[in-house]
$ cat upload.txt   # compact mmCIF, C-alpha atoms
# COMPACT_ATOMS: atom_id res chain seq x y z
CA MET A 192 18.18 20.51 -8.59
CA ARG A 193 15.47 23.07 -7.97
CA LYS A 194 13.21 24.63 -10.56
CA THR A 195 12.92 28.41 -10.32
CA MET A 196 9.94 29.50 -8.24
CA VAL A 197 8.40 32.91 -9.00
CA LEU A 198 6.25 34.50 -6.31
CA THR A 199 4.09 37.46 -7.18
CA ALA A 200 3.17 40.09 -4.62
CA ALA A 201 -0.37 38.72 -4.50
CA MET A 202 0.90 35.22 -3.79
CA LEU A 203 3.10 36.51 -1.01
CA ALA A 204 0.17 38.34 0.54
CA VAL A 205 -2.01 35.22 0.46
CA ALA A 206 0.75 33.17 2.04
CA GLY A 207 1.33 35.72 4.80
CA ALA A 208 4.88 36.54 3.80
CA VAL A 209 7.03 38.57 6.13
CA PRO A 210 10.68 39.44 5.64
CA ALA A 211 13.34 37.35 7.33
CA PHE A 212 17.02 38.18 7.29
CA ALA A 213 19.93 35.81 6.92
CA THR A 214 23.53 36.75 7.56
CA THR A 215 26.01 35.92 4.84
CA GLY A 216 29.72 36.51 4.54
CA ASP A 217 28.92 39.84 2.89
CA GLY A 218 26.62 41.04 5.67
CA PRO A 219 22.84 40.83 6.17
CA ALA A 220 20.85 39.90 3.10
CA ALA A 221 17.08 39.99 2.70
CA ASP A 222 15.63 36.46 2.57
CA TRP A 223 11.94 36.68 1.71
CA HIS A 224 10.01 33.51 2.49
CA PRO A 225 6.22 33.24 2.48
CA LYS A 226 4.81 31.72 5.64
CA ALA A 227 3.30 28.24 5.50
CA ARG A 228 -0.04 28.08 7.28
CA ASN A 229 -0.27 24.30 6.75
CA ILE A 230 2.34 21.53 6.61
CA VAL A 231 1.75 18.08 5.10
CA TYR A 232 4.64 15.68 5.58
CA ILE A 233 4.05 12.59 3.40
CA GLN A 234 6.16 9.52 4.04
CA GLY A 235 6.72 6.47 1.92
CA ASP A 236 8.13 4.30 4.67
CA GLY A 237 11.10 2.36 3.32
CA MET A 238 11.02 4.29 0.04
CA GLY A 239 14.48 4.82 -1.36
CA ALA A 240 15.37 6.10 -4.82
CA ALA A 241 15.15 2.58 -6.27
CA GLN A 242 11.60 2.01 -5.00
CA ARG A 243 10.56 5.39 -6.36
CA GLU A 244 12.08 4.65 -9.78
CA PHE A 245 10.63 1.14 -9.92
CA ILE A 246 7.15 2.50 -9.19
CA ARG A 247 7.65 5.16 -11.88
CA LEU A 248 8.85 2.78 -14.60
CA ALA A 249 6.19 0.14 -13.89
CA THR A 250 3.39 2.72 -13.63
CA THR A 251 4.11 5.45 -16.19
CA GLY A 252 6.96 4.04 -18.31
CA ARG A 253 10.09 5.85 -19.38
CA ALA A 254 8.26 8.87 -20.81
CA GLY A 255 6.10 9.56 -17.76
CA ASP A 256 6.58 10.41 -14.12
CA LEU A 257 4.90 10.05 -10.75
CA VAL A 258 2.97 12.94 -9.27
CA MET A 259 5.35 12.94 -6.30
CA ASN A 260 8.30 13.44 -8.66
CA ARG A 261 6.82 16.52 -10.39
CA LEU A 262 7.25 18.86 -7.44
CA PRO A 263 9.64 21.79 -8.00
CA VAL A 264 12.17 21.02 -5.27
CA THR A 265 14.28 17.87 -5.00
CA GLY A 266 16.81 16.85 -2.37
CA MET A 267 18.64 13.79 -1.07
CA VAL A 268 18.52 12.94 2.63
CA HIS A 269 21.07 11.10 4.82
CA THR A 270 19.32 8.74 7.25
CA ASP A 271 21.93 7.41 9.73
CA PRO A 272 20.97 7.40 13.45
CA ASP A 273 22.86 8.36 16.61
CA ASP A 274 23.36 4.77 17.67
CA PRO A 275 26.60 3.39 19.16
CA GLU A 276 26.02 -0.10 17.75
CA GLU A 277 24.26 0.36 14.40
CA LEU A 278 24.94 2.49 11.34
CA VAL A 279 21.62 1.81 9.61
CA THR A 280 18.53 3.46 11.04
CA ASP A 281 15.22 1.97 12.05
CA SER A 282 11.92 3.81 11.61
CA ALA A 283 11.82 5.10 15.18
CA ALA A 284 15.18 6.86 15.06
CA ALA A 285 14.59 8.14 11.53
CA ALA A 286 11.14 9.52 12.33
CA THR A 287 12.41 11.10 15.56
CA ALA A 288 15.06 12.98 13.55
CA LEU A 289 12.44 14.14 11.05
CA ALA A 290 10.01 15.14 13.80
CA THR A 291 12.40 16.83 16.24
CA GLY A 292 15.62 17.78 14.47
CA HIS A 293 17.64 15.50 16.77
CA LYS A 294 19.17 12.14 15.98
CA THR A 295 18.69 9.29 18.42
CA ARG A 296 19.34 5.58 18.92
CA ASN A 297 17.33 2.94 17.12
CA GLY A 298 14.08 2.09 18.85
CA ALA A 299 13.69 5.40 20.69
CA VAL A 300 10.57 7.44 19.98
CA GLY A 301 10.50 11.20 20.55
CA GLN A 302 13.53 10.97 22.84
CA ASP A 303 17.23 11.64 22.38
CA ALA A 304 19.91 8.99 22.81
CA ARG A 305 20.03 9.73 26.56
CA GLY A 306 16.28 9.31 27.05
CA ARG A 307 15.33 13.00 27.26
CA ARG A 308 12.05 14.16 25.71
CA LEU A 309 12.31 16.12 22.47
CA LEU A 310 9.76 18.68 21.32
CA THR A 311 8.24 17.65 17.97
CA VAL A 312 7.03 19.73 15.05
CA LEU A 313 3.51 18.45 15.71
CA GLU A 314 3.67 19.65 19.30
CA GLN A 315 5.04 23.01 18.17
CA ALA A 316 2.18 23.31 15.68
CA LYS A 317 -0.28 22.53 18.47
CA ARG A 318 1.25 25.24 20.67
CA ALA A 319 0.82 27.69 17.80
CA GLY A 320 -2.92 26.95 17.76
CA LYS A 321 -2.89 24.69 14.72
CA SER A 322 -4.78 21.42 14.35
CA THR A 323 -2.75 18.22 13.93
CA GLY A 324 -3.21 14.76 12.48
CA LEU A 325 -1.56 11.36 12.05
CA VAL A 326 -2.70 9.16 9.15
CA THR A 327 -1.04 5.88 8.18
CA THR A 328 -1.63 2.45 6.71
CA ALA A 329 0.56 1.14 9.55
CA GLN A 330 -0.56 0.94 13.14
CA VAL A 331 -1.36 4.51 14.14
CA THR A 332 0.84 3.87 17.20
CA GLY A 333 3.69 2.56 15.01
CA ALA A 334 7.19 4.01 15.23
CA SER A 335 6.88 6.66 12.52
CA PRO A 336 3.64 8.42 13.52
CA ALA A 337 4.50 7.91 17.19
CA ALA A 338 7.71 9.92 16.86
CA PHE A 339 5.67 13.01 15.99
CA ALA A 340 3.29 12.84 18.96
CA SER A 341 4.72 10.73 21.80
CA HIS A 342 7.83 10.08 23.88
CA VAL A 343 8.77 6.54 24.90
CA PRO A 344 12.09 4.68 25.23
CA SER A 345 10.93 1.82 22.99
CA ARG A 346 8.75 1.74 19.91
CA ASP A 347 7.21 -1.49 21.28
CA LEU A 348 5.31 0.45 23.99
CA GLN A 349 2.37 1.07 21.70
CA SER A 350 -0.31 1.23 24.39
CA ASP A 351 1.76 3.89 26.16
CA ILE A 352 1.92 5.74 22.84
CA ALA A 353 -1.85 5.52 22.40
CA LYS A 354 -2.36 6.79 25.95
CA GLN A 355 -0.11 9.77 25.27
CA TYR A 356 -2.03 10.56 22.10
CA ILE A 357 -5.35 10.97 23.89
CA THR A 358 -4.08 12.54 27.12
CA GLU A 359 -1.09 14.67 26.04
CA SER A 360 -0.49 15.49 22.37
CA ARG A 361 -4.16 15.04 21.33
CA PRO A 362 -4.02 15.16 17.52
CA GLU A 363 -7.43 16.04 16.11
CA VAL A 364 -7.17 13.22 13.55
CA LEU A 365 -5.83 9.71 14.24
CA LEU A 366 -6.44 7.24 11.39
CA GLY A 367 -4.73 3.90 10.76
CA GLY A 368 -4.45 0.37 12.10
CA GLY A 369 -3.43 -1.09 15.43
CA GLU A 370 -6.73 -1.65 17.23
CA ASP A 371 -5.16 -4.38 19.39
CA TRP A 372 -3.11 -1.80 21.32
CA TRP A 373 -6.23 0.14 22.29
CA LEU A 374 -8.24 -2.73 23.81
CA PRO A 375 -7.53 -4.99 26.81
CA LYS A 376 -6.95 -8.72 26.44
CA GLY A 377 -10.21 -10.55 25.82
CA ASP A 378 -11.92 -7.67 24.03
CA PRO A 379 -11.82 -8.60 20.30
CA GLY A 380 -13.01 -5.22 19.06
CA ALA A 381 -14.21 -4.59 15.51
CA TRP A 382 -11.51 -6.59 13.73
CA PRO A 383 -11.22 -10.39 14.22
CA ASP A 384 -7.81 -11.49 15.45
CA LYS A 385 -5.63 -13.51 13.11
CA PRO A 386 -3.42 -16.29 14.49
CA GLY A 387 -0.81 -14.76 16.77
CA GLU A 388 -2.79 -11.55 17.29
CA GLU A 389 -4.71 -10.46 20.37
CA SER A 390 -5.86 -7.29 22.06
CA ARG A 391 -3.19 -6.23 24.56
CA SER A 392 -3.69 -2.71 25.86
CA THR A 393 -1.90 -2.13 29.15
CA HIS A 394 -4.14 0.84 29.97
CA GLY A 395 -7.62 -0.64 29.75
CA ASN A 396 -10.05 0.28 26.99
CA LEU A 397 -8.34 3.25 25.36
CA ILE A 398 -11.04 3.57 22.70
CA GLU A 399 -13.62 4.30 25.39
CA GLN A 400 -11.19 6.68 27.08
CA ALA A 401 -10.68 8.47 23.77
CA LYS A 402 -14.44 8.79 23.24
CA ARG A 403 -14.90 10.22 26.73
CA SER A 404 -12.21 12.80 26.00
CA GLY A 405 -13.95 14.07 22.88
CA TYR A 406 -12.94 11.75 20.01
CA THR A 407 -15.50 10.27 17.64
CA TYR A 408 -14.55 6.65 16.95
CA VAL A 409 -15.04 5.20 13.45
CA ARG A 410 -14.41 1.58 12.47
CA ASN A 411 -14.70 1.43 8.67
CA ALA A 412 -14.84 3.45 5.47
CA SER A 413 -18.59 4.12 5.61
CA GLU A 414 -18.42 5.45 9.18
CA LEU A 415 -15.44 7.60 8.22
CA ALA A 416 -17.30 9.04 5.24
CA ALA A 417 -20.42 9.77 7.29
CA THR A 418 -18.84 11.62 10.19
CA ARG A 419 -18.30 15.37 10.33
CA ALA A 420 -16.75 15.27 13.80
CA PRO A 421 -13.90 17.70 14.53
CA ARG A 422 -11.86 15.09 16.45
CA LEU A 423 -11.49 11.63 14.91
CA LEU A 424 -10.07 8.27 15.95
CA GLY A 425 -10.30 5.60 13.26
CA LEU A 426 -8.78 2.12 13.66
CA PHE A 427 -9.18 -0.02 10.56
CA ALA A 428 -7.15 -3.16 11.33
CA ASN A 429 -5.81 -5.16 14.27
CA GLU A 430 -2.23 -4.31 13.35
CA ASP A 431 -0.97 -2.78 10.08
CA MET A 432 -3.60 -2.25 7.40
CA VAL A 433 -1.57 -4.27 4.87
CA ASP A 434 -1.34 -8.08 4.73
CA TYR A 435 2.40 -8.67 4.39
CA GLY A 436 3.96 -11.69 2.80
CA PRO A 437 6.32 -12.68 -0.03
CA ASP A 438 5.45 -12.19 -3.68
CA GLY A 439 2.30 -14.15 -4.49
CA LYS A 440 1.18 -14.34 -0.86
CA GLY A 441 1.18 -10.84 0.61
CA ALA A 442 -1.60 -8.48 -0.49
CA TYR A 443 -1.93 -4.72 -0.43
CA GLN A 444 -5.63 -4.45 0.44
CA PRO A 445 -6.23 -1.85 3.18
CA LYS A 446 -9.87 -1.66 4.25
CA VAL A 447 -9.76 2.14 3.94
CA ALA A 448 -7.66 3.55 1.11
CA LEU A 449 -4.88 6.00 1.94
CA PRO A 450 -6.27 8.72 -0.40
CA VAL A 451 -9.65 8.42 1.34
CA MET A 452 -8.07 8.87 4.76
CA ALA A 453 -6.00 11.76 3.42
CA LYS A 454 -9.03 13.62 2.10
CA LYS A 455 -10.95 13.20 5.35
CA ALA A 456 -7.96 14.45 7.33
CA LEU A 457 -7.56 17.51 5.10
CA ASP A 458 -11.28 18.31 5.29
CA THR A 459 -11.25 18.00 9.07
CA LEU A 460 -8.02 19.83 9.85
CA SER A 461 -8.52 22.70 7.40
CA ALA A 462 -11.50 23.93 9.41
CA ASN A 463 -8.97 25.60 11.71
CA PRO A 464 -8.19 29.11 10.36
CA ARG A 465 -4.77 28.96 12.02
CA GLY A 466 -3.80 25.99 9.90
CA PHE A 467 -2.60 22.47 10.59
CA PHE A 468 0.20 19.91 10.58
CA LEU A 469 -0.53 16.51 9.01
CA PHE A 470 1.68 13.41 8.96
CA LEU A 471 0.54 11.10 6.16
CA GLU A 472 2.22 7.72 5.65
CA GLU A 473 2.14 4.75 3.31
CA GLU A 474 3.63 1.85 5.27
CA GLY A 475 3.16 -0.79 2.59
CA ILE A 476 6.34 0.11 0.70
CA ASP A 477 8.43 -0.73 3.76
CA GLY A 478 6.51 -3.85 4.80
CA MET A 479 6.47 -5.31 1.29
CA SER A 480 10.16 -4.49 0.79
CA HIS A 481 10.92 -6.39 4.01
CA GLU A 482 9.13 -9.33 2.40
CA ASN A 483 10.93 -8.77 -0.94
CA ASN A 484 7.49 -8.47 -2.55
CA ALA A 485 7.83 -6.16 -5.56
CA HIS A 486 4.18 -6.47 -6.60
CA GLY A 487 3.16 -5.29 -3.13
CA VAL A 488 5.62 -2.39 -3.32
CA LEU A 489 4.10 -1.35 -6.63
CA ASP A 490 0.54 -1.44 -5.28
CA ALA A 491 1.54 0.57 -2.22
CA GLY A 492 3.46 3.06 -4.35
CA ARG A 493 0.46 3.66 -6.58
CA ALA A 494 -1.69 4.31 -3.51
CA LEU A 495 0.89 6.74 -2.16
CA ASP A 496 1.01 8.66 -5.43
CA ALA A 497 -2.81 8.84 -5.45
CA ALA A 498 -2.69 10.28 -1.93
CA VAL A 499 -0.14 12.86 -3.10
CA SER A 500 -2.58 13.84 -5.87
CA GLU A 501 -5.28 14.30 -3.24
CA VAL A 502 -3.02 16.58 -1.20
CA LEU A 503 -2.01 18.63 -4.25
CA ARG A 504 -5.69 19.11 -5.17
CA PHE A 505 -6.10 20.62 -1.72
CA THR A 506 -3.17 22.98 -2.24
CA ARG A 507 -4.75 24.50 -5.35
CA SER A 508 -7.17 26.35 -3.07
CA HIS A 509 -4.70 26.50 -0.16
CA PRO A 510 -1.40 27.70 -1.67
CA ASP A 511 -0.04 28.47 1.81
CA THR A 512 0.60 24.72 2.33
CA LEU A 513 4.08 23.21 2.48
CA VAL A 514 4.04 19.67 1.07
CA ILE A 515 7.00 17.32 1.56
CA ILE A 516 7.29 13.74 0.26
CA GLY A 517 10.14 11.62 1.58
CA GLY A 518 11.25 8.26 2.87
CA ASP A 519 12.58 7.60 6.36
CA HIS A 520 15.03 4.98 5.02
CA GLU A 521 15.35 2.43 2.23
CA THR A 522 14.29 -1.18 2.76
CA GLY A 523 15.33 -4.32 0.88
CA GLY A 524 18.24 -3.06 -1.16
CA LEU A 525 16.00 -3.02 -4.24
CA ALA A 526 17.69 -3.17 -7.64
CA ILE A 527 16.09 -2.63 -11.06
CA GLU A 528 17.39 -5.00 -13.75
CA ASP A 529 16.71 -5.86 -17.36
CA THR A 530 14.62 -8.98 -17.80
CA ASP A 531 16.79 -11.85 -19.02
CA GLY A 532 14.86 -15.09 -18.93
CA ALA A 533 12.90 -16.34 -15.94
CA PRO A 534 13.49 -14.63 -12.55
CA GLU A 535 15.97 -16.44 -10.33
CA GLY A 536 16.35 -16.53 -6.57
CA ASP A 537 14.96 -13.38 -4.94
CA GLU A 538 14.02 -11.71 -8.23
CA ASP A 539 10.44 -10.58 -8.89
CA GLY A 540 8.89 -9.94 -12.25
CA PRO A 541 8.95 -9.40 -15.10
CA PHE A 542 7.08 -6.08 -14.95
CA PRO A 543 6.09 -4.52 -18.29
CA VAL A 544 7.23 -0.94 -18.89
CA PRO A 545 4.23 0.97 -20.33
CA GLY A 546 4.75 2.52 -23.75
CA THR A 547 7.58 0.13 -24.63
CA LYS A 548 8.17 -3.51 -25.49
CA LEU A 549 10.53 -3.75 -22.55
CA SER A 550 10.15 -5.23 -19.11
CA LEU A 551 12.10 -5.05 -15.89
CA THR A 552 12.95 -7.40 -13.05
CA VAL A 553 13.33 -6.44 -9.40
CA ASP A 554 16.14 -8.00 -7.39
CA TRP A 555 16.74 -7.71 -3.64
CA THR A 556 19.92 -7.69 -1.58
CA THR A 557 18.42 -7.84 1.93
CA GLY A 558 15.19 -8.20 3.89
CA ASP A 559 16.25 -5.38 6.21
CA HIS A 560 16.86 -1.66 5.95
CA SER A 561 19.82 -0.28 4.04
CA GLY A 562 21.88 2.83 4.72
CA VAL A 563 21.45 4.61 1.38
CA PRO A 564 20.06 8.18 1.34
CA THR A 565 16.45 8.76 0.35
CA PRO A 566 15.00 11.32 -2.08
CA VAL A 567 12.72 14.13 -0.94
CA THR A 568 10.50 16.33 -3.12
CA ALA A 569 8.60 19.39 -1.98
CA THR A 570 6.43 22.33 -2.96
CA GLY A 571 4.91 25.33 -1.27
CA PRO A 572 6.16 28.05 1.08
CA GLY A 573 9.64 27.23 2.42
CA SER A 574 10.14 24.22 0.18
CA ASP A 575 13.35 25.69 -1.25
CA ARG A 576 15.07 24.83 2.06
CA LEU A 577 14.93 21.17 0.98
CA ASP A 578 17.06 21.57 -2.13
CA GLY A 579 20.35 19.67 -2.29
CA THR A 580 21.99 17.12 -0.02
CA LEU A 581 20.48 17.17 3.47
CA ASP A 582 20.47 15.44 6.81
CA ASN A 583 17.14 14.08 8.01
CA THR A 584 17.23 16.63 10.82
CA ASP A 585 17.18 19.38 8.16
CA VAL A 586 13.67 18.29 7.14
CA TYR A 587 12.45 19.21 10.63
CA ARG A 588 14.19 22.58 10.44
CA ALA A 589 12.61 23.30 7.07
CA MET A 590 9.13 22.63 8.47
CA VAL A 591 9.44 24.76 11.60
CA SER A 592 11.10 27.58 9.68
CA ALA A 593 8.43 27.59 6.98
CA ALA A 594 5.60 27.82 9.50
CA ARG A 595 7.49 30.14 11.91
CA LEU A 596 7.10 27.59 14.73
CA SER A 597 10.46 28.19 16.43
$ encode --input "upload.txt" --output "structure tokens"
Amino acid sequence: MRKTMVLTAAMLAVAGAVPAFATTGDGPAADWHPKARNIVYIQGDGMGAAQREFIRLATTGRAGDLVMNRLPVTGMVHTDPDDPEELVTDSAAAATALATGHKTRNGAVGQDARGRRLLTVLEQAKRAGKSTGLVTTAQVTGASPAAFASHVPSRDLQSDIAKQYITESRPEVLLGGGEDWWLPKGDPGAWPDKPGEESRSTHGNLIEQAKRSGYTYVRNASELAATRAPRLLGLFANEDMVDYGPDGKGAYQPKVALPVMAKKALDTLSANPRGFFLFLEEEGIDGMSHENNAHGVLDAGRALDAAVSEVLRFTRSHPDTLVIIGGDHETGGLAIEDTDGAPEGDEDGPFPVPGTKLSLTVDWTTGDHSGVPTPVTATGPGSDRLDGTLDNTDVYRAMVSAARLS
């Protein structure tokens, strides 16, 4: 499943390679791995193999491929949680496994099934002197980014998560939605509340607290573009940055595009000569799959692939960067079908397949998560550890091993 990767002596020197030794049944064997100075973990939330293939076929056609699919290493990841009542994971348990190497119960963030704190790869990177960042089109305090930089018993405690960000883990870059969790009731902030929304911080005005602790706060794309601050907090929506709804109603229209946030994060974090860890997430695939909105999934998938392109442009001048693209779980039970007349029931489409006279229809089996494994692709130092069939906890181990964080 892995293409052969050839490393010259010069490449190894640039990447800071040092010899490591693994023990095999035949005795110690030299296992040369270049060291990753930077790690970028890119998540398509809810992106299973079917979502990835649908986005490919509807975007590039049968003869083409997505940027995220062209990386040299490919694996398949099991996603089940350590939950006594549920076999299928939620985002909190899945992200905790990816971030810490430990499975946990659904809903728990940065804690094991017994409620004990777990050290995350972001926190290990911070201890090693690296800069860190969380970037998402979800709420920046949502379950997936939160699992990398906070520890709470329930993913619903988003103000507690925000408080931990600015007082404990302190990522240099925090970009996404979720302004309502940072402001007390009655303070509308920069983004007007929609029906059912309101500011609800349980810790006062956390934006002001963040600013006092050294963060520069930005509220829109122009302010983000203008700042050169080394520590950034950007909140670009009340809740998630995507307007969810069924096909024809929901719209993928984030006020700041994911590739734009990705580039700013890379520019900011790469100023640290010791390197960085960056979590980068497209939430729209999950949210639109929950709504069984295939057009929304396609729009979000295109944005994710554009963000991957942005990251890979960065790696051309920073080859010591491990890049991983995965999904925490699959959502919606998406199925790709031939078009046969008008869509029926939960079907969406037809979607033309570029370069052909064909079209496809998307069908759905659920509005919830499913238990199927998710594909992962990777490139850069240590990426070969992600080849084959893996557990989601193995993704964590690949990251810390590549950057020598353990």
$ closest_atom_pairs --input "upload.txt" --of "region 441-521 of chain A" --to "region 321-324 of chain A" --cutoff "6 Å" --atoms "all atoms listed in the file" --output "Markdown table"
| residue | atom | partner | partner_atom | distance |
| --- | --- | --- | --- | --- |
| A:Leu460 | CA | A:Ser322 | CA | 5.8 |
| A:Arg465 | CA | A:Lys321 | CA | 5.4 |
| A:Gly466 | CA | A:Lys321 | CA | 5.1 |
| A:Phe467 | CA | A:Ser322 | CA | 4.5 |
| A:Phe468 | CA | A:Thr323 | CA | 4.8 |
| A:Leu469 | CA | A:Gly324 | CA | 4.7 |
$ closest_residue --input "upload.txt" --among "A:Thr332, A:Ser392, A:Ser480, A:Thr570" --to "Val553 (chain A)" --atoms "all atoms listed in the file"
A:Ser480
$ residues_near_point --input "upload.txt" --point "(-1.1, -9.1, 3.4)" --cutoff "12 Å" --atoms "only C-alpha atoms" --output "ChimeraX atom specification"
/A:385,428,430-446,475,478-479,482,484,486-488,490-491
$ closest_residue --input "upload.txt" --among "A:Leu325, A:Val331, A:Ala340, A:Val312" --to "Val591 (chain A)" --atoms "only C-alpha atoms"
A:Val312
$ residues_around --input "upload.txt" --residues "region 359-361 of chain A" --least-positions-apart "4" --cutoff "12 Å" --atoms "all atoms listed in the file" --output "PyMOL selection string"
chain A and resi 301+310-318+321-325+337-342+351-355+365+401+404-406+422-424
$ write_last_selection --input "upload.txt" --atoms "C-alpha atoms" --output "compact mmCIF listing (two decimals), keeping the file's coordinate frame"
# COMPACT_ATOMS: atom_id res chain seq x y z
CA GLY A 301 10.50 11.20 20.55
CA LEU A 310 9.76 18.68 21.32
CA THR A 311 8.24 17.65 17.97
CA VAL A 312 7.03 19.73 15.05
CA LEU A 313 3.51 18.45 15.71
CA GLU A 314 3.67 19.65 19.30
CA GLN A 315 5.04 23.01 18.17
CA ALA A 316 2.18 23.31 15.68
CA LYS A 317 -0.28 22.53 18.47
CA ARG A 318 1.25 25.24 20.67
CA LYS A 321 -2.89 24.69 14.72
CA SER A 322 -4.78 21.42 14.35
CA THR A 323 -2.75 18.22 13.93
CA GLY A 324 -3.21 14.76 12.48
CA LEU A 325 -1.56 11.36 12.05
CA ALA A 337 4.50 7.91 17.19
CA ALA A 338 7.71 9.92 16.86
CA PHE A 339 5.67 13.01 15.99
CA ALA A 340 3.29 12.84 18.96
CA SER A 341 4.72 10.73 21.80
CA HIS A 342 7.83 10.08 23.88
CA ASP A 351 1.76 3.89 26.16
CA ILE A 352 1.92 5.74 22.84
CA ALA A 353 -1.85 5.52 22.40
CA LYS A 354 -2.36 6.79 25.95
CA GLN A 355 -0.11 9.77 25.27
CA LEU A 365 -5.83 9.71 14.24
CA ALA A 401 -10.68 8.47 23.77
CA SER A 404 -12.21 12.80 26.00
CA GLY A 405 -13.95 14.07 22.88
CA TYR A 406 -12.94 11.75 20.01
CA ARG A 422 -11.86 15.09 16.45
CA LEU A 423 -11.49 11.63 14.91
CA LEU A 424 -10.07 8.27 15.95
$ atom_distance --input "upload.txt" --atom1 "CA of Pro450 (chain A)" --atom2 "CA of Tyr232 (chain A)"
14.3 Å
$ residues_near_point --input "upload.txt" --point "(15.4, 1.3, -5.5)" --cutoff "12 Å" --atoms "only C-alpha atoms" --output "ChimeraX atom specification"
/A:237-248,476-477,480,483,485,488-489,518,520-528,552-556,560-561,563-566
$ residues_around --input "upload.txt" --residues "Thr250 (chain A)" --least-positions-apart "5" --cutoff "9 Å" --atoms "only C-alpha atoms" --output "list in words"
Phe245, Gly255, Asp256, Leu257, Leu489, Arg493, Val544 and Pro545 of chain A
$ atom_distance --input "upload.txt" --atom1 "CA of Ala589 (chain A)" --atom2 "CA of Lys454 (chain A)"
24.2 Å
$ atom_distance --input "upload.txt" --atom1 "CA of Gly367 (chain A)" --atom2 "CA of Leu495 (chain A)"
14.4 Å
$ residues_around --input "upload.txt" --residues "Val264 (chain A)" --least-positions-apart "3" --cutoff "12 Å" --atoms "all atoms listed in the file" --output "ChimeraX atom specification"
/A:192-196,259-261,267,513-517,566-580
$ residues_around --input "upload.txt" --residues "Ala448 (chain A)" --least-positions-apart "3" --cutoff "9 Å" --atoms "only C-alpha atoms" --output "PDB file with C-alpha atoms, keeping the file's coordinate frame"
ATOM      1  CA  THR A 328      -1.630   2.450   6.710  1.00  0.00           C
ATOM      2  CA  ALA A 412     -14.840   3.450   5.470  1.00  0.00           C
ATOM      3  CA  GLN A 444      -5.630  -4.450   0.440  1.00  0.00           C
ATOM      4  CA  PRO A 445      -6.230  -1.850   3.180  1.00  0.00           C
ATOM      5  CA  VAL A 451      -9.650   8.420   1.340  1.00  0.00           C
ATOM      6  CA  MET A 452      -8.070   8.870   4.760  1.00  0.00           C
ATOM      7  CA  ALA A 453      -6.000  11.760   3.420  1.00  0.00           C
ATOM      8  CA  ALA A 494      -1.690   4.310  -3.510  1.00  0.00           C
ATOM      9  CA  ALA A 498      -2.690  10.280  -1.930  1.00  0.00           C
TER      10      ALA A 498
END
$ closest_residue --input "upload.txt" --among "A:Ala285, A:Leu581, A:Ala319, A:Ala381" --to "Ser597 (chain A)" --atoms "all atoms listed in the file"
A:Ala319
